[in-house]
>>> print(open('input12.tsv').read())   # TSV, N, CA, C and O atoms
chain	number	residue	atom	x	y	z
D	1	MET	N	78.30	50.27	62.82
D	1	MET	CA	78.73	51.64	62.91
D	1	MET	C	80.22	51.65	63.24
D	1	MET	O	80.66	50.94	64.11
D	2	LYS	N	80.98	52.48	62.54
D	2	LYS	CA	82.40	52.65	62.82
D	2	LYS	C	82.60	53.90	63.65
D	2	LYS	O	82.11	54.96	63.31
D	3	LEU	N	83.33	53.75	64.74
D	3	LEU	CA	83.64	54.88	65.60
D	3	LEU	C	85.13	55.17	65.52
D	3	LEU	O	85.94	54.25	65.52
D	4	ILE	N	85.46	56.46	65.45
D	4	ILE	CA	86.85	56.87	65.37
D	4	ILE	C	87.21	57.61	66.66
D	4	ILE	O	86.51	58.54	67.06
D	5	ASN	N	88.30	57.20	67.27
D	5	ASN	CA	88.78	57.85	68.49
D	5	ASN	C	89.43	59.17	68.10
D	5	ASN	O	90.39	59.21	67.34
D	6	ILE	N	88.91	60.27	68.67
D	6	ILE	CA	89.48	61.58	68.37
D	6	ILE	C	90.24	62.14	69.56
D	6	ILE	O	90.53	63.33	69.62
D	7	GLY	N	90.57	61.28	70.50
D	7	GLY	CA	91.37	61.69	71.65
D	7	GLY	C	90.60	61.67	72.95
D	7	GLY	O	89.41	61.95	72.98
D	8	PHE	N	91.29	61.31	74.02
D	8	PHE	CA	90.73	61.27	75.37
D	8	PHE	C	89.51	60.36	75.46
D	8	PHE	O	88.60	60.60	76.24
D	9	GLY	N	89.45	59.31	74.65
D	9	GLY	CA	88.34	58.38	74.69
D	9	GLY	C	87.09	58.88	74.01
D	9	GLY	O	86.05	58.23	74.07
D	10	ASN	N	87.15	60.02	73.34
D	10	ASN	CA	86.00	60.56	72.62
D	10	ASN	C	85.92	59.90	71.24
D	10	ASN	O	86.93	59.74	70.56
D	11	MET	N	84.72	59.52	70.84
D	11	MET	CA	84.51	58.82	69.59
D	11	MET	C	83.56	59.60	68.68
D	11	MET	O	82.67	60.29	69.17
D	12	VAL	N	83.77	59.45	67.38
D	12	VAL	CA	82.92	60.07	66.38
D	12	VAL	C	82.50	58.99	65.39
D	12	VAL	O	83.31	58.14	65.01
D	13	ASN	N	81.24	59.02	64.96
D	13	ASN	CA	80.74	58.09	63.98
D	13	ASN	C	81.38	58.39	62.62
D	13	ASN	O	81.17	59.46	62.05
D	14	ALA	N	82.14	57.45	62.09
D	14	ALA	CA	82.87	57.66	60.84
D	14	ALA	C	81.93	57.87	59.65
D	14	ALA	O	82.29	58.56	58.69
D	15	ASN	N	80.74	57.31	59.72
D	15	ASN	CA	79.79	57.44	58.61
D	15	ASN	C	79.18	58.84	58.52
D	15	ASN	O	78.57	59.17	57.51
D	16	ARG	N	79.31	59.65	59.55
D	16	ARG	CA	78.71	60.98	59.58
D	16	ARG	C	79.69	62.09	59.23
D	16	ARG	O	79.31	63.25	59.11
D	17	LEU	N	80.97	61.77	59.07
D	17	LEU	CA	81.99	62.79	58.82
D	17	LEU	C	81.95	63.28	57.38
D	17	LEU	O	81.81	62.51	56.45
D	18	ILE	N	82.11	64.58	57.23
D	18	ILE	CA	82.23	65.18	55.91
D	18	ILE	C	83.68	65.57	55.65
D	18	ILE	O	84.22	65.31	54.59
D	19	ALA	N	84.31	66.21	56.66
D	19	ALA	CA	85.67	66.70	56.46
D	19	ALA	C	86.43	66.77	57.78
D	19	ALA	O	85.84	66.94	58.83
D	20	VAL	N	87.75	66.62	57.66
D	20	VAL	CA	88.66	66.85	58.77
D	20	VAL	C	89.66	67.88	58.25
D	20	VAL	O	90.41	67.60	57.32
D	21	VAL	N	89.63	69.08	58.84
D	21	VAL	CA	90.42	70.18	58.30
D	21	VAL	C	91.27	70.83	59.39
D	21	VAL	O	90.99	70.69	60.58
D	22	SER	N	92.27	71.55	58.96
D	22	SER	CA	93.14	72.29	59.87
D	22	SER	C	92.41	73.56	60.33
D	22	SER	O	91.71	74.19	59.55
D	23	PRO	N	92.60	73.95	61.58
D	23	PRO	CA	91.87	75.12	62.11
D	23	PRO	C	92.50	76.47	61.80
D	23	PRO	O	92.04	77.49	62.29
D	24	ASP	N	93.53	76.50	60.97
D	24	ASP	CA	94.32	77.72	60.79
D	24	ASP	C	93.74	78.74	59.82
D	24	ASP	O	94.02	79.92	59.94
D	25	SER	N	92.93	78.31	58.86
D	25	SER	CA	92.46	79.26	57.84
D	25	SER	C	91.27	80.07	58.34
D	25	SER	O	90.51	79.65	59.22
D	26	ALA	N	91.08	81.22	57.76
D	26	ALA	CA	89.98	82.11	58.15
D	26	ALA	C	88.61	81.49	57.90
D	26	ALA	O	87.72	81.62	58.74
D	27	PRO	N	88.38	80.79	56.76
D	27	PRO	CA	87.07	80.18	56.56
D	27	PRO	C	86.73	79.12	57.62
D	27	PRO	O	85.59	79.03	58.07
D	28	VAL	N	87.72	78.36	58.04
D	28	VAL	CA	87.47	77.34	59.07
D	28	VAL	C	87.20	78.02	60.41
D	28	VAL	O	86.32	77.58	61.17
D	29	LYS	N	87.90	79.09	60.69
D	29	LYS	CA	87.65	79.83	61.92
D	29	LYS	C	86.22	80.39	61.94
D	29	LYS	O	85.56	80.41	62.98
D	30	ARG	N	85.74	80.83	60.76
D	30	ARG	CA	84.35	81.31	60.66
D	30	ARG	C	83.36	80.18	60.89
D	30	ARG	O	82.34	80.35	61.55
D	31	ILE	N	83.66	78.99	60.34
D	31	ILE	CA	82.79	77.82	60.53
D	31	ILE	C	82.70	77.49	62.02
D	31	ILE	O	81.62	77.21	62.54
D	32	VAL	N	83.83	77.50	62.70
D	32	VAL	CA	83.86	77.21	64.14
D	32	VAL	C	83.07	78.25	64.90
D	32	VAL	O	82.26	77.92	65.79
D	33	GLN	N	83.24	79.53	64.58
D	33	GLN	CA	82.52	80.60	65.27
D	33	GLN	C	81.02	80.49	65.03
D	33	GLN	O	80.22	80.65	65.97
D	34	ASP	N	80.62	80.21	63.79
D	34	ASP	CA	79.19	80.05	63.48
D	34	ASP	C	78.58	78.88	64.25
D	34	ASP	O	77.46	78.97	64.75
D	35	ALA	N	79.32	77.77	64.32
D	35	ALA	CA	78.83	76.60	65.05
D	35	ALA	C	78.70	76.91	66.54
D	35	ALA	O	77.75	76.46	67.19
D	36	LYS	N	79.63	77.68	67.05
D	36	LYS	CA	79.57	78.07	68.47
D	36	LYS	C	78.33	78.91	68.74
D	36	LYS	O	77.63	78.70	69.74
D	37	GLU	N	78.04	79.85	67.85
D	37	GLU	CA	76.87	80.71	68.01
D	37	GLU	C	75.57	79.92	67.90
D	37	GLU	O	74.59	80.24	68.59
D	38	LYS	N	75.53	78.90	67.03
D	38	LYS	CA	74.32	78.08	66.86
D	38	LYS	C	74.20	76.98	67.90
D	38	LYS	O	73.17	76.32	67.97
D	39	GLY	N	75.25	76.75	68.67
D	39	GLY	CA	75.22	75.68	69.66
D	39	GLY	C	75.55	74.32	69.09
D	39	GLY	O	75.22	73.30	69.69
D	40	ASN	N	76.21	74.28	67.95
D	40	ASN	CA	76.56	73.03	67.29
D	40	ASN	C	78.04	72.69	67.42
D	40	ASN	O	78.54	71.84	66.70
D	41	LEU	N	78.75	73.36	68.32
D	41	LEU	CA	80.18	73.12	68.49
D	41	LEU	C	80.41	72.15	69.63
D	41	LEU	O	79.84	72.29	70.71
D	42	ILE	N	81.24	71.15	69.38
D	42	ILE	CA	81.62	70.18	70.40
D	42	ILE	C	83.13	70.29	70.58
D	42	ILE	O	83.89	70.03	69.65
D	43	ASP	N	83.55	70.67	71.77
D	43	ASP	CA	84.97	70.84	72.06
D	43	ASP	C	85.48	69.59	72.77
D	43	ASP	O	85.18	69.36	73.93
D	44	ALA	N	86.26	68.79	72.04
D	44	ALA	CA	86.82	67.55	72.60
D	44	ALA	C	88.32	67.69	72.82
D	44	ALA	O	89.04	66.69	72.83
D	45	THR	N	88.79	68.91	73.03
D	45	THR	CA	90.23	69.14	73.19
D	45	THR	C	90.70	69.01	74.63
D	45	THR	O	91.89	68.94	74.87
D	46	HIS	N	89.77	69.04	75.58
D	46	HIS	CA	90.12	69.01	77.02
D	46	HIS	C	91.10	70.12	77.38
D	46	HIS	O	92.05	69.90	78.14
D	47	GLY	N	90.89	71.29	76.80
D	47	GLY	CA	91.72	72.44	77.13
D	47	GLY	C	93.01	72.54	76.35
D	47	GLY	O	93.78	73.48	76.55
D	48	ARG	N	93.27	71.60	75.50
D	48	ARG	CA	94.51	71.66	74.71
D	48	ARG	C	94.27	72.45	73.42
D	48	ARG	O	93.16	72.79	73.07
D	49	ARG	N	95.34	72.68	72.71
D	49	ARG	CA	95.28	73.43	71.45
D	49	ARG	C	94.51	72.63	70.40
D	49	ARG	O	94.73	71.43	70.24
D	50	THR	N	93.64	73.30	69.65
D	50	THR	CA	92.89	72.64	68.58
D	50	THR	C	93.79	72.43	67.38
D	50	THR	O	94.39	73.37	66.87
D	51	ARG	N	93.90	71.18	66.94
D	51	ARG	CA	94.74	70.85	65.77
D	51	ARG	C	93.93	70.30	64.61
D	51	ARG	O	94.43	70.22	63.49
D	52	ALA	N	92.68	69.90	64.88
D	52	ALA	CA	91.82	69.40	63.80
D	52	ALA	C	90.39	69.83	64.07
D	52	ALA	O	89.93	69.85	65.21
D	53	VAL	N	89.70	70.20	63.00
D	53	VAL	CA	88.28	70.54	63.06
D	53	VAL	C	87.55	69.49	62.23
D	53	VAL	O	87.87	69.29	61.06
D	54	ILE	N	86.59	68.82	62.85
D	54	ILE	CA	85.85	67.75	62.20
D	54	ILE	C	84.44	68.28	61.93
D	54	ILE	O	83.77	68.76	62.83
D	55	ILE	N	84.02	68.18	60.67
D	55	ILE	CA	82.71	68.66	60.27
D	55	ILE	C	81.85	67.45	59.92
D	55	ILE	O	82.27	66.58	59.17
D	56	THR	N	80.63	67.42	60.48
D	56	THR	CA	79.73	66.28	60.26
D	56	THR	C	78.57	66.68	59.36
D	56	THR	O	78.32	67.86	59.12
D	57	ASP	N	77.84	65.67	58.90
D	57	ASP	CA	76.71	65.92	58.02
D	57	ASP	C	75.50	66.50	58.76
D	57	ASP	O	74.55	66.94	58.14
D	58	SER	N	75.54	66.52	60.08
D	58	SER	CA	74.46	67.10	60.88
D	58	SER	C	74.77	68.55	61.28
D	58	SER	O	74.15	69.08	62.18
D	59	ASP	N	75.73	69.16	60.61
D	59	ASP	CA	76.18	70.54	60.87
D	59	ASP	C	76.83	70.72	62.24
D	59	ASP	O	76.94	71.84	62.72
D	60	HIS	N	77.26	69.65	62.86
D	60	HIS	CA	78.03	69.76	64.09
D	60	HIS	C	79.50	69.92	63.73
D	60	HIS	O	79.97	69.35	62.74
D	61	VAL	N	80.19	70.70	64.51
D	61	VAL	CA	81.62	70.93	64.33
D	61	VAL	C	82.30	70.46	65.60
D	61	VAL	O	81.93	70.86	66.70
D	62	ILE	N	83.30	69.58	65.44
D	62	ILE	CA	83.98	68.97	66.58
D	62	ILE	C	85.44	69.40	66.55
D	62	ILE	O	86.11	69.29	65.51
D	63	LEU	N	85.94	69.86	67.69
D	63	LEU	CA	87.33	70.26	67.81
D	63	LEU	C	88.11	69.13	68.46
D	63	LEU	O	87.68	68.56	69.46
D	64	SER	N	89.28	68.82	67.90
D	64	SER	CA	90.12	67.75	68.44
D	64	SER	C	91.55	68.26	68.59
D	64	SER	O	92.00	69.10	67.82
D	65	TYR	N	92.24	67.73	69.59
D	65	TYR	CA	93.63	68.11	69.79
D	65	TYR	C	94.55	67.27	68.90
D	65	TYR	O	95.72	67.59	68.74
D	66	LEU	N	94.05	66.19	68.30
D	66	LEU	CA	94.86	65.38	67.40
D	66	LEU	C	95.05	66.11	66.08
D	66	LEU	O	94.19	66.86	65.64
D	67	GLN	N	96.17	65.85	65.42
D	67	GLN	CA	96.43	66.47	64.12
D	67	GLN	C	95.52	65.87	63.06
D	67	GLN	O	95.04	64.74	63.19
D	68	THR	N	95.28	66.64	61.99
D	68	THR	CA	94.38	66.19	60.94
D	68	THR	C	94.83	64.87	60.33
D	68	THR	O	94.02	64.00	60.05
D	69	GLU	N	96.14	64.71	60.14
D	69	GLU	CA	96.67	63.48	59.56
D	69	GLU	C	96.39	62.28	60.47
D	69	GLU	O	96.08	61.19	60.00
D	70	THR	N	96.50	62.49	61.77
D	70	THR	CA	96.26	61.41	62.73
D	70	THR	C	94.81	60.96	62.68
D	70	THR	O	94.51	59.77	62.65
D	71	VAL	N	93.89	61.92	62.65
D	71	VAL	CA	92.47	61.59	62.57
D	71	VAL	C	92.18	60.88	61.26
D	71	VAL	O	91.46	59.87	61.23
D	72	ALA	N	92.74	61.37	60.16
D	72	ALA	CA	92.51	60.75	58.85
D	72	ALA	C	93.06	59.32	58.81
D	72	ALA	O	92.44	58.43	58.23
D	73	ASN	N	94.22	59.10	59.43
D	73	ASN	CA	94.80	57.75	59.45
D	73	ASN	C	93.96	56.77	60.24
D	73	ASN	O	94.00	55.57	59.99
D	74	LYS	N	93.19	57.26	61.19
D	74	LYS	CA	92.34	56.39	62.00
D	74	LYS	C	91.19	55.80	61.18
D	74	LYS	O	90.60	54.81	61.56
D	75	PHE	N	90.87	56.42	60.05
D	75	PHE	CA	89.87	55.83	59.15
D	75	PHE	C	90.33	54.46	58.67
D	75	PHE	O	89.53	53.56	58.49
D	76	ASP	N	91.63	54.31	58.45
D	76	ASP	CA	92.16	53.08	57.88
D	76	ASP	C	92.36	51.97	58.89
D	76	ASP	O	92.09	50.82	58.61
D	77	GLY	N	92.83	52.32	60.10
D	77	GLY	CA	93.20	51.24	61.00
D	77	GLY	C	92.60	51.22	62.38
D	77	GLY	O	92.07	50.21	62.80
D	78	ASP	N	92.62	52.33	63.07
D	78	ASP	CA	92.28	52.32	64.49
D	78	ASP	C	90.80	52.53	64.79
D	78	ASP	O	90.44	53.05	65.82
D	79	THR	N	89.92	52.16	63.89
D	79	THR	CA	88.50	52.35	64.16
D	79	THR	C	87.99	51.23	65.06
D	79	THR	O	88.49	50.11	65.03
D	80	VAL	N	87.03	51.55	65.84
D	80	VAL	CA	86.38	50.57	66.71
D	80	VAL	C	85.01	50.29	66.09
D	80	VAL	O	84.21	51.19	65.89
D	81	GLU	N	84.75	49.06	65.74
D	81	GLU	CA	83.48	48.73	65.12
D	81	GLU	C	82.53	48.17	66.17
D	81	GLU	O	82.89	47.32	66.96
D	82	GLU	N	81.31	48.69	66.14
D	82	GLU	CA	80.27	48.21	67.03
D	82	GLU	C	79.01	47.98	66.24
D	82	GLU	O	78.72	48.72	65.32
D	83	GLU	N	78.28	46.99	66.59
D	83	GLU	CA	76.99	46.73	65.98
D	83	GLU	C	75.93	47.39	66.83
D	83	GLU	O	75.82	47.14	68.01
D	84	LEU	N	75.15	48.26	66.22
D	84	LEU	CA	74.05	48.90	66.94
D	84	LEU	C	72.75	48.69	66.21
D	84	LEU	O	72.66	48.64	65.06
>>> encode(input="input12.tsv", output="structure tokens")
Amino acid sequence: MKLINIGFGNMVNANRLIAVVSPDSAPVKRIVQDAKEKGNLIDATHGRRTRAVIITDSDHVILSYLQTETVANKFDGDTVEEEL
């Protein structure tokens, strides 16, 4: 399993990610609001400004303070691999 650091020591399973998007557009804001209402929102910003919204295949939405480019670049290099 590949884990990607999304900030503050929080990790996400790289195999479960569908998209990493900017939180600025209205459709993404609706996705975040819907996830919040359903209880599928995970806020990993530690009170900082949301710069990336990560959408998983399990309909969970994860908020990160890292920029979308930074999270995307972690797919290539900074992943932590663990055998489970």
>>> closest_residue(input="input12.tsv", among="D:Ala26, D:Ala44, D:Val61, D:Val20", to="Phe8 of chain D", atoms="all atoms listed in the file")
D:Ala44
>>> closest_residue(input="input12.tsv", among="D:Val28, D:Asn10, D:Ile4, D:Lys74", to="Val53 of chain D", atoms="only N, CA, C and O atoms")
D:Val28
>>> residues_near_point(input="input12.tsv", point="(83.7, 72.6, 64.7)", cutoff="12 Å", atoms="only C-alpha atoms", output="ChimeraX atom specification")
/D:17-23,27-45,50-64
>>> atom_distance(input="input12.tsv", atom1="atom N of Asn15 of chain D", atom2="atom O of Gly47 of chain D")
26.7 Å
>>> atom_distance(input="input12.tsv", atom1="atom O of Arg49 of chain D", atom2="atom N of Ala72 of chain D")
14.4 Å
>>> closest_residue(input="input12.tsv", among="D:Arg48, D:Asn13, D:Asn5, D:Asp24", to="Thr70 of chain D", atoms="all atoms listed in the file")
D:Asn5
>>> axis_aligned_box(input="input12.tsv", around="segment 13-23 of chain D", padding_each_side="6 Å", output="JSON")
{"center_x": 85.9, "center_y": 67.4, "center_z": 59.8, "size_x": 26.6, "size_y": 32.2, "size_z": 22.4}
>>> select_by_dssp(input="input12.tsv", residues="chain D", states="strand (DSSP E)", output="VMD selection string")
chain D and resid 2 to 7 10 to 13 17 to 21 41 to 43 52 to 56 61 to 64 80 to 81
>>> atom_distance(input="input12.tsv", atom1="atom CA of His46 of chain D", atom2="atom C of Leu66 of chain D")
12.3 Å
>>> select_by_dssp(input="input12.tsv", residues="segment 42-71 of chain D", states="helix (DSSP H, G or I)", output="list in words")
Thr68, Glu69, Thr70 and Val71 of chain D
